[in-house]
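K.L.:
Please find target_0.cif (mmCIF, C-alpha atoms) on the next line:
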```cif
data_entry
#
loop_
_atom_site.label_atom_id
_atom_site.label_comp_id
_atom_site.auth_asym_id
_atom_site.auth_seq_id
_atom_site.Cartn_x
_atom_site.Cartn_y
_atom_site.Cartn_z
CA MET A 1 93.15 148.52 34.95
CA SER A 2 94.91 147.83 31.68
CA CYS A 3 97.33 149.32 30.07
CA ALA A 4 137.07 134.73 29.07
CA SER A 5 137.31 131.59 27.62
CA VAL A 6 136.94 131.09 23.88
CA ILE A 7 133.87 133.13 23.02
CA PHE A 8 132.39 133.72 19.59
CA LEU A 9 129.83 136.38 18.72
CA LEU A 10 126.90 134.94 16.79
CA THR A 11 124.21 137.64 16.82
CA SER A 12 123.26 140.42 19.18
CA ASN A 13 123.42 139.06 22.75
CA SER A 14 123.93 135.48 21.52
CA TRP A 15 127.15 133.67 22.41
CA ILE A 16 128.85 130.31 22.44
CA ILE A 17 129.66 130.06 26.12
CA GLY A 18 132.74 128.73 27.82
CA GLU A 19 133.68 129.30 31.44
CA GLN A 20 132.19 132.80 31.40
CA PRO A 21 129.34 133.88 29.21
CA TYR A 22 130.55 137.21 27.84
CA PRO A 23 133.86 138.83 26.85
CA ALA A 24 135.76 141.10 29.20
CA SER A 25 134.37 144.56 29.83
CA PRO A 26 135.91 147.13 27.50
CA LEU A 27 135.74 149.73 30.29
CA VAL A 28 136.17 148.01 33.67
CA GLU A 29 139.23 145.80 34.04
CA GLY A 30 138.17 144.51 37.44
CA ILE A 31 137.24 145.36 41.02
CA ARG A 32 139.49 145.91 44.02
CA PHE A 33 137.81 145.52 47.40
CA ASP A 34 139.16 147.17 50.55
CA TRP A 35 138.39 144.53 53.15
CA THR A 36 139.44 146.81 56.02
CA THR A 37 136.06 148.51 55.39
CA HIS A 38 134.05 145.31 55.86
CA ARG A 39 131.18 145.93 58.30
CA ARG A 40 128.58 143.48 59.54
CA ALA A 41 125.21 143.99 61.23
CA ALA A 42 121.78 142.38 61.53
CA GLN A 43 123.27 138.95 62.22
CA GLY A 44 120.85 136.24 61.16
CA SER A 45 119.07 138.36 58.53
CA ASP A 46 119.94 138.10 54.84
CA ASN A 47 119.21 139.69 51.43
CA PHE A 48 119.11 143.52 51.88
CA GLN A 49 119.01 144.83 48.32
CA LEU A 50 118.87 148.60 48.99
CA THR A 51 117.12 151.37 47.08
CA TRP A 52 117.79 155.12 47.38
CA SER A 53 114.59 156.97 48.20
CA ASP A 54 113.75 160.63 47.61
CA ASP A 55 114.15 161.33 51.38
CA ASP A 56 117.88 160.51 50.93
CA HIS A 57 117.66 157.30 52.99
CA LEU A 58 118.19 153.74 51.82
CA TYR A 59 115.50 151.09 52.21
CA GLY A 60 115.68 147.34 51.85
CA ALA A 61 114.07 144.06 52.82
CA TRP A 62 115.57 141.15 54.72
CA GLY A 63 114.48 137.59 55.32
CA ASP A 64 114.30 135.13 58.23
CA GLY A 65 115.75 137.15 61.06
CA GLY A 66 115.26 140.03 63.46
CA GLY A 67 116.91 142.70 61.33
CA PHE A 68 119.08 145.36 62.93
CA GLY A 69 119.50 144.73 66.64
CA GLY A 70 117.86 141.33 66.27
CA SER A 71 119.17 137.83 65.76
CA ASN A 72 118.19 134.59 64.08
CA SER A 73 115.55 134.25 66.80
CA LYS A 74 115.12 137.67 68.47
CA GLY A 75 112.50 139.61 66.53
CA ARG A 76 112.52 137.01 63.77
CA VAL A 77 110.18 137.55 60.83
CA GLY A 78 110.03 135.90 57.44
CA LEU A 79 110.13 139.31 55.75
CA GLY A 80 111.08 142.65 57.21
CA VAL A 81 111.90 146.13 55.94
CA ALA A 82 114.56 148.49 57.29
CA ARG A 83 115.84 151.99 56.68
CA VAL A 84 119.60 152.52 56.42
CA GLU A 85 120.68 156.02 57.37
CA GLY A 86 123.98 157.80 56.90
CA SER A 87 127.02 157.52 54.67
CA ALA A 88 128.89 154.54 53.35
CA LYS A 89 131.47 154.91 56.11
CA ASP A 90 129.00 155.71 58.89
CA HIS A 91 125.61 154.09 58.52
CA ARG A 92 123.05 152.52 60.83
CA GLY A 93 119.94 150.46 60.29
CA VAL A 94 116.45 151.01 61.71
CA ASN A 95 113.77 148.31 61.59
CA LEU A 96 110.53 149.73 60.21
CA TRP A 97 108.23 146.84 59.36
CA GLY A 98 108.96 143.68 61.35
CA GLY A 99 112.02 142.74 63.34
CA ALA A 100 113.40 143.62 66.77
CA ALA A 101 111.98 146.86 68.21
CA SER A 102 110.41 147.72 64.87
CA LYS A 103 108.13 150.69 64.38
CA ARG A 104 105.38 148.49 62.89
CA ASP A 105 104.67 144.78 62.80
CA ALA A 106 105.09 142.91 59.53
CA THR A 107 101.73 141.88 58.07
CA PHE A 108 102.71 139.15 55.61
CA ASP A 109 105.55 136.70 55.01
CA GLY A 110 107.74 136.16 51.98
CA LYS A 111 111.09 137.23 50.58
CA SER A 112 112.26 140.14 48.46
CA TRP A 113 115.43 140.73 46.44
CA GLY A 114 114.07 143.75 44.60
CA MET A 115 112.98 147.16 45.93
CA ILE A 116 112.79 150.53 44.22
CA GLY A 117 111.99 154.05 45.39
CA ILE A 118 110.09 156.14 42.84
CA ALA A 119 109.38 159.71 43.95
CA ASN A 120 107.94 159.34 47.49
CA LYS A 121 106.82 155.71 47.19
CA LEU A 122 108.55 152.38 47.68
CA HIS A 123 107.80 149.19 45.74
CA MET A 124 109.13 145.69 46.26
CA TRP A 125 108.73 142.40 44.46
CA VAL A 126 107.65 139.72 46.95
CA VAL A 127 107.65 135.95 46.62
CA PRO A 128 105.45 134.39 49.34
CA ASP A 129 107.01 131.87 51.69
CA LYS A 130 104.05 129.50 51.46
CA PRO A 131 101.82 130.14 48.46
CA PRO A 132 98.06 129.77 48.94
CA GLY A 133 97.10 126.15 49.45
CA LYS A 134 100.65 125.04 50.26
CA THR A 135 101.99 123.96 53.65
CA TYR A 136 105.61 124.30 52.57
CA ARG A 137 107.87 126.97 51.14
CA ASN A 138 108.07 127.63 47.44
CA HIS A 139 109.65 130.93 46.50
CA TYR A 140 109.51 129.96 42.83
CA GLU A 141 105.74 129.76 42.45
CA MET A 142 104.49 133.35 42.25
CA ILE A 143 105.58 136.98 42.27
CA GLU A 144 103.59 139.80 43.85
CA LEU A 145 104.14 143.57 43.98
CA ALA A 146 103.87 145.36 47.34
CA SER A 147 103.96 149.15 47.70
CA SER A 148 104.38 151.66 50.51
CA GLY A 149 103.34 155.30 50.60
CA ASP A 150 104.77 156.00 54.07
CA TYR A 151 108.43 155.08 53.60
CA GLY A 152 108.17 151.44 54.56
CA LEU A 153 105.90 151.58 57.61
CA SER A 154 103.03 149.81 55.85
CA TRP A 155 102.72 147.74 52.69
CA ASN A 156 99.87 146.67 50.45
CA LYS A 157 99.91 144.22 47.57
CA ALA A 158 98.60 144.77 44.06
CA PRO A 159 95.73 142.38 43.16
CA TRP A 160 97.64 140.65 40.31
CA ARG A 161 100.77 138.50 40.05
CA PHE A 162 103.28 136.80 37.78
CA SER A 163 103.93 133.09 38.20
CA ALA A 164 106.21 130.21 37.31
CA SER A 165 103.71 129.24 34.61
CA ASP A 166 104.77 132.49 32.89
CA ASP A 167 108.33 131.09 32.83
CA LEU A 168 109.29 133.75 35.39
CA THR A 169 110.64 133.59 38.91
CA ILE A 170 112.36 135.78 41.54
CA PRO A 171 112.85 139.29 40.02
CA THR A 172 114.73 142.47 40.86
CA PHE A 173 114.36 146.11 39.89
CA LEU A 174 117.03 148.02 37.99
CA ASN A 175 117.90 150.86 40.40
CA PHE A 176 119.07 154.31 39.38
CA GLY A 177 119.59 157.44 41.51
CA ARG A 178 117.75 159.14 44.35
CA GLY A 179 114.02 158.59 43.98
CA ASN A 180 114.85 156.76 40.73
CA GLU A 181 116.18 159.94 39.13
CA GLY A 182 118.97 159.79 36.58
CA VAL A 183 117.43 157.37 34.09
CA PRO A 184 119.18 158.17 30.77
CA ASP A 185 116.93 159.57 28.06
CA ALA A 186 117.91 156.68 25.79
CA PHE A 187 116.28 154.23 28.22
CA GLY A 188 112.93 156.06 28.13
CA ASP A 189 110.63 156.85 31.05
CA TYR A 190 110.37 153.28 32.31
CA VAL A 191 110.90 151.13 35.36
CA TYR A 192 112.90 148.02 34.41
CA THR A 193 112.71 144.57 36.01
CA TYR A 194 114.89 141.50 35.44
CA PHE A 195 113.12 138.16 35.91
CA ILE A 196 114.97 134.86 36.33
CA ARG A 197 113.88 132.07 34.04
CA PRO A 198 113.19 128.99 36.21
CA ARG A 199 114.86 125.72 35.27
CA ASN A 200 111.35 124.44 34.69
CA ALA A 201 107.87 125.63 35.60
CA GLN A 202 107.10 122.59 37.79
CA MET A 203 110.08 122.86 40.13
CA GLU A 204 109.48 123.79 43.76
CA GLN A 205 111.66 124.87 46.63
CA GLU A 206 110.21 122.23 48.94
CA GLY A 207 107.47 119.63 48.55
CA GLY A 208 107.14 116.81 46.07
CA ASN A 209 109.08 118.63 43.35
CA GLY A 210 111.45 120.31 45.78
CA VAL A 211 114.97 121.15 44.60
CA GLY A 212 115.91 123.81 47.16
CA LEU A 213 117.21 127.23 46.21
CA ILE A 214 119.47 126.49 43.27
CA VAL A 215 121.34 127.94 40.34
CA HIS A 216 119.08 127.58 37.31
CA GLN A 217 120.94 125.88 34.45
CA PRO A 218 121.18 126.84 31.68
CA GLY A 219 120.68 130.34 33.02
CA ALA A 220 118.68 133.16 31.50
CA LEU A 221 117.12 136.48 32.46
CA TYR A 222 114.12 138.22 30.96
CA LEU A 223 113.70 141.99 30.98
CA ALA A 224 110.42 143.87 31.33
CA ARG A 225 109.59 147.56 31.41
CA VAL A 226 106.61 149.62 32.52
CA THR A 227 105.98 153.35 32.93
CA PRO A 228 106.14 154.49 36.56
CA ASP A 229 102.47 155.51 36.63
CA GLN A 230 101.39 152.02 35.51
CA LEU A 231 103.66 149.97 37.75
CA ARG A 232 100.75 148.82 39.93
CA SER A 233 98.08 148.88 37.22
CA GLY A 234 98.39 145.31 36.02
CA ARG A 235 100.65 142.70 34.50
CA ASP A 236 99.42 143.53 31.00
CA CYS A 237 101.04 146.96 31.33
CA PHE A 238 104.50 145.36 31.31
CA GLU A 239 106.32 145.10 27.99
CA PHE A 240 108.95 142.38 27.64
CA PHE A 241 112.17 142.41 25.67
CA ALA A 242 111.48 140.36 22.54
CA GLY A 243 114.79 140.44 20.69
CA PHE A 244 116.21 142.95 18.23
CA ASP A 245 114.81 144.38 15.03
CA GLN A 246 116.64 144.68 11.70
CA ASP A 247 118.28 147.90 12.92
CA ASP A 248 119.56 146.12 16.05
CA GLN A 249 117.13 148.05 18.25
CA PRO A 250 115.25 146.28 21.06
CA ARG A 251 111.72 145.12 20.38
CA TRP A 252 109.12 145.15 23.17
CA ASP A 253 106.11 142.88 23.15
CA SER A 254 103.73 140.84 25.29
CA ILE A 255 104.83 138.34 27.92
CA ASP A 256 104.27 135.34 25.64
CA ARG A 257 106.76 136.75 23.09
CA LYS A 258 109.55 137.50 25.54
CA ARG A 259 113.15 136.51 24.79
CA PRO A 260 116.10 136.23 27.17
CA VAL A 261 118.16 139.38 27.49
CA PHE A 262 121.01 137.61 29.33
CA ARG A 263 122.27 134.01 29.18
CA ASP A 264 124.86 131.97 31.03
CA ALA A 265 125.25 128.24 30.36
CA GLU A 266 126.86 127.97 33.80
CA GLY A 267 123.58 129.18 35.27
CA VAL A 268 121.80 132.09 36.86
CA GLY A 269 121.24 132.07 40.61
CA TRP A 270 117.92 132.20 42.42
CA CYS A 271 118.44 135.93 43.07
CA VAL A 272 119.96 138.80 41.13
CA SER A 273 120.75 142.51 41.57
CA ALA A 274 120.97 145.34 39.03
CA CYS A 275 121.78 149.05 39.14
CA TYR A 276 123.03 151.87 36.91
CA HIS A 277 126.34 153.66 37.49
CA PRO A 278 125.98 157.25 36.23
CA GLY A 279 129.73 157.89 36.06
CA LEU A 280 130.59 154.75 34.14
CA HIS A 281 127.36 154.97 32.13
CA ARG A 282 126.93 151.23 32.63
CA VAL A 283 124.28 148.89 33.96
CA LEU A 284 125.81 146.55 36.56
CA LEU A 285 124.27 143.13 37.09
CA CYS A 286 125.26 140.46 39.61
CA THR A 287 124.10 136.87 40.05
CA GLU A 288 125.42 133.39 40.83
CA HIS A 289 126.51 130.60 38.52
CA GLY A 290 127.65 127.00 38.90
CA GLU A 291 126.67 126.31 42.51
CA SER A 292 124.62 128.33 44.94
CA LYS A 293 125.86 129.61 48.31
CA ALA A 294 129.47 129.13 47.24
CA GLY A 295 130.65 132.65 46.38
CA MET A 296 130.49 131.91 42.66
CA LEU A 297 129.25 135.35 41.64
CA GLY A 298 129.38 136.97 38.25
CA ILE A 299 129.43 140.74 37.82
CA PHE A 300 128.52 142.03 34.36
CA ASP A 301 128.13 145.42 32.72
CA ALA A 302 126.35 146.84 29.69
CA PRO A 303 125.64 150.27 28.21
CA THR A 304 121.87 149.62 28.25
CA PRO A 305 119.51 147.40 30.28
CA TRP A 306 119.32 145.03 27.29
CA GLY A 307 123.06 144.75 26.68
CA PRO A 308 125.37 143.97 25.04
CA TRP A 309 126.79 142.33 28.16
CA THR A 310 130.44 142.04 29.11
CA THR A 311 132.16 140.54 32.14
CA VAL A 312 133.66 142.57 34.99
CA GLU A 313 134.37 139.70 37.41
CA TYR A 314 133.56 136.00 37.29
CA TYR A 315 134.31 134.26 40.57
CA THR A 316 134.88 130.52 40.44
CA GLN A 317 134.96 127.53 42.77
CA SER A 318 138.73 127.78 43.03
CA MET A 319 138.64 131.57 43.56
CA PRO A 320 135.26 132.56 45.01
CA PHE A 321 134.15 136.01 46.11
CA GLY A 322 135.94 136.92 49.35
CA ALA A 323 138.62 134.23 49.06
CA GLN A 324 141.19 136.96 49.69
CA ARG A 325 140.02 139.56 52.20
CA GLU A 326 143.02 140.92 54.04
CA GLY A 327 141.89 143.33 56.75
CA SER A 328 138.45 141.87 57.47
CA ARG A 329 138.04 140.90 61.11
CA TRP A 330 134.81 138.96 60.69
CA PRO A 331 134.42 135.15 60.69
CA TRP A 332 133.77 133.74 57.24
CA LYS A 333 132.42 130.67 55.57
CA ASN A 334 132.24 130.52 51.81
CA LYS A 335 128.45 130.80 51.50
CA VAL A 336 127.83 134.17 49.81
CA PHE A 337 124.98 134.08 47.29
CA PHE A 338 124.00 137.74 46.80
CA MET A 339 125.78 141.04 46.19
CA ALA A 340 124.48 144.45 45.15
CA PHE A 341 125.99 147.87 44.53
CA VAL A 342 124.36 150.76 46.41
CA THR A 343 123.65 153.68 44.08
CA LYS A 344 123.75 156.27 46.87
CA TRP A 345 127.25 155.14 47.77
CA PHE A 346 128.85 155.54 44.34
CA ASP A 347 131.65 158.12 44.56
CA GLY A 348 133.43 158.45 41.25
CA HIS A 349 135.04 155.06 40.61
CA GLU A 350 134.70 154.10 44.26
CA PHE A 351 131.71 152.20 45.63
CA THR A 352 130.26 150.45 48.65
CA ALA A 353 128.44 147.18 48.05
CA THR A 354 126.25 144.98 50.21
CA PHE A 355 126.42 141.20 50.29
CA THR A 356 124.84 138.35 52.16
CA GLY A 357 125.00 134.58 52.44
CA ALA A 358 123.78 131.42 54.10
CA GLY A 359 124.84 130.45 57.61
CA LEU A 360 121.83 129.76 59.84
CA GLY A 361 122.35 132.95 61.80
CA LYS A 362 126.13 133.00 61.60
CA ASP A 363 128.84 134.53 59.44
CA ASN A 364 127.53 136.00 56.19
CA ASP A 365 123.90 135.39 57.08
CA SER A 366 123.83 139.11 57.88
CA PHE A 367 123.98 142.64 56.47
CA ASN A 368 127.51 143.11 55.12
CA THR A 369 129.05 146.16 53.48
CA VAL A 370 132.46 146.51 51.84
CA SER A 371 133.95 149.37 49.86
CA GLY A 372 136.11 149.14 46.79
CA ARG A 373 137.06 150.66 43.48
CA PHE A 374 136.36 149.93 39.83
CA LEU A 375 139.66 149.50 37.99
CA LEU A 376 139.32 151.07 34.56
CA ARG A 377 141.21 150.05 31.48
CA LYS A 378 143.74 152.54 30.21
CA GLU A 379 142.65 154.50 27.19
#
```
Rewrite the structure from the file as structure tokens, please.
P.N.:
Amino acid sequence: MSCASVIFLLTSNSWIIGEQPYPASPLVEGIRFDWTTHRRAAQGSDNFQLTWSDDDHLYGAWGDGGGFGGSNSKGRVGLGVARVEGSAKDHRGVNLWGGAASKRDATFDGKSWGMIGIANKLHMWVVPDKPPGKTYRNHYEMIELASSGDYGLSWNKAPWRFSASDDLTIPTFLNFGRGNEGVPDAFGDYVYTYFIRPRNAQMEQEGGNGVGLIVHQPGALYLARVTPDQLRSGRDCFEFFAGFDQDDQPRWDSIDRKRPVFRDAEGVGWCVSACYHPGLHRVLLCTEHGESKAGMLGIFDAPTPWGPWTTVEYYTQSMPFGAQREGSRWPWKNKVFFMAFVTKWFDGHEFTATFTGAGLGKDNDSFNTVSGRFLLRKE
């Protein structure tokens, strides 16, 4: 089917970049985490970007572990899907597709850092572990879309894909409210996806051109949109951000005319999360910079999916995410590479976020939640 350093503004979304790529947020002064709320589960399983479905549950995918009640070996699958039930303060996970004591077996491998619930269906971007014809992992090579009509118990892939040759790699969905409700009228009736620009199209995770899972430098993100009814119809149904017109409004065009919507000379990690906060009226985006698996996260905000971007927090090598966590009882090694805000668990200016990291089955290689508060600037 078809379908904070010295920063100077040059043009819309174009900056001379110092230590952080964008100026400080005009609304959010920073984030205060309450580390006494830090919870950990699903030891050995990572990722877990959650989406809020119309049945009021959260759903998310993990990689290389047994999920909830499993371990790095018990119930281990390359890709699994779980349901997270309950509130931010009292939640539990249930393995649905793959993992220890799951309701259904997983039917394909891969990884996912992007899932979205739209009405009564779930969709996730999947990067295969071993692409066809390869005997080794390469999460950079191709991107497929898998969908579920039974709340995560079974998944089927669309017959088309994006690839590194499109100058695209590991994507995420921009999540809104329950069942993807709450999209502002100004954004239109679209599903939005952020794609990472690979450092180069020939790089691989393993193999002859293997570089591992790295921060892509210089970093950039592309933004695409598609109407919900055409999400599975084909890659040609996606429109890509192609810069701004003379009235400073976003232009949308074909994939070959895409332009970065976000840049960071310090890099963009190999995974990213994005959501919309209805109280702040801001898009929140999180990814790595500098070095991967080192807690060097950047949290950014913008009034629209295409910007203009500002900086909420920019964690560094000397002060990484979680460097100060008074009240947490869990063991810790500085290997966090992914964090996401959970839209269901926004409560005014308070939030609960998920995060995960490396660790070969230990420490932050797990499902972690921590609550906190957005600190707003005084009027």
K.L.:
Would you kindly return, as a list in words, each protein, DNA or RNA residue with an atom no farther than 10 Å from any atom of A:Gly177, considering only C-alpha atoms and excluding same-chain residues fewer than 6 positions away?
P.N.:
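Returned residues: Thr51, Trp52, Ser53, Asp54, Gly117, Ile118, Val183, Cys275, Tyr276, His277, Pro278, Val342, Thr343, Lys344 and Phe346 of chain A.
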K.L.:
Kindly give the distance, in Å, that separates atom CA of A:Lys258 and atom CA of A:Thr304, rounded to a single decimal.
P.N.:
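Answer for the atom CA of A:Lys258 to atom CA of A:Thr304 separation: 17.5 Å.
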K.L.:
Interatomic distance between atom CA of A:Glu206 and atom CA of A:Ile116?
P.N.:
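According to the coordinates, atom CA of A:Glu206 and atom CA of A:Ile116 are separated by 28.8 Å.
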K.L.:
Apply the PyMOL selection byres ((chain A and resi 72) around 6) to the displayed file and report the matching residues as a VMD selection string.
P.N.:
chain A and resid 44 65 71 73 361
K.L.:
Restricted to C-alpha atoms, what would the selected residues look like written as a tab-separated table (two decimals), in the frame of the given file?
P.N.:
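Output contents, as saved in result12.tsv:
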```tsv
chain	number	residue	atom	x	y	z
A	44	GLY	CA	120.85	136.24	61.16
A	65	GLY	CA	115.75	137.15	61.06
A	71	SER	CA	119.17	137.83	65.76
A	73	SER	CA	115.55	134.25	66.80
A	361	GLY	CA	122.35	132.95	61.80
```
K.L.:
For the provided coordinates, the residues matched by the PyMOL selection byres ((chain A and resi 185-193) around 6) should be stated as a list in words.
P.N.:
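What the PyMOL selection byres ((chain A and resi 185-193) around 6) grabs from the file is Thr172, Phe173, Leu174, Pro184, Tyr194, Leu223, Ala224, Arg225, Val226, Thr227 and Pro228 of chain A.
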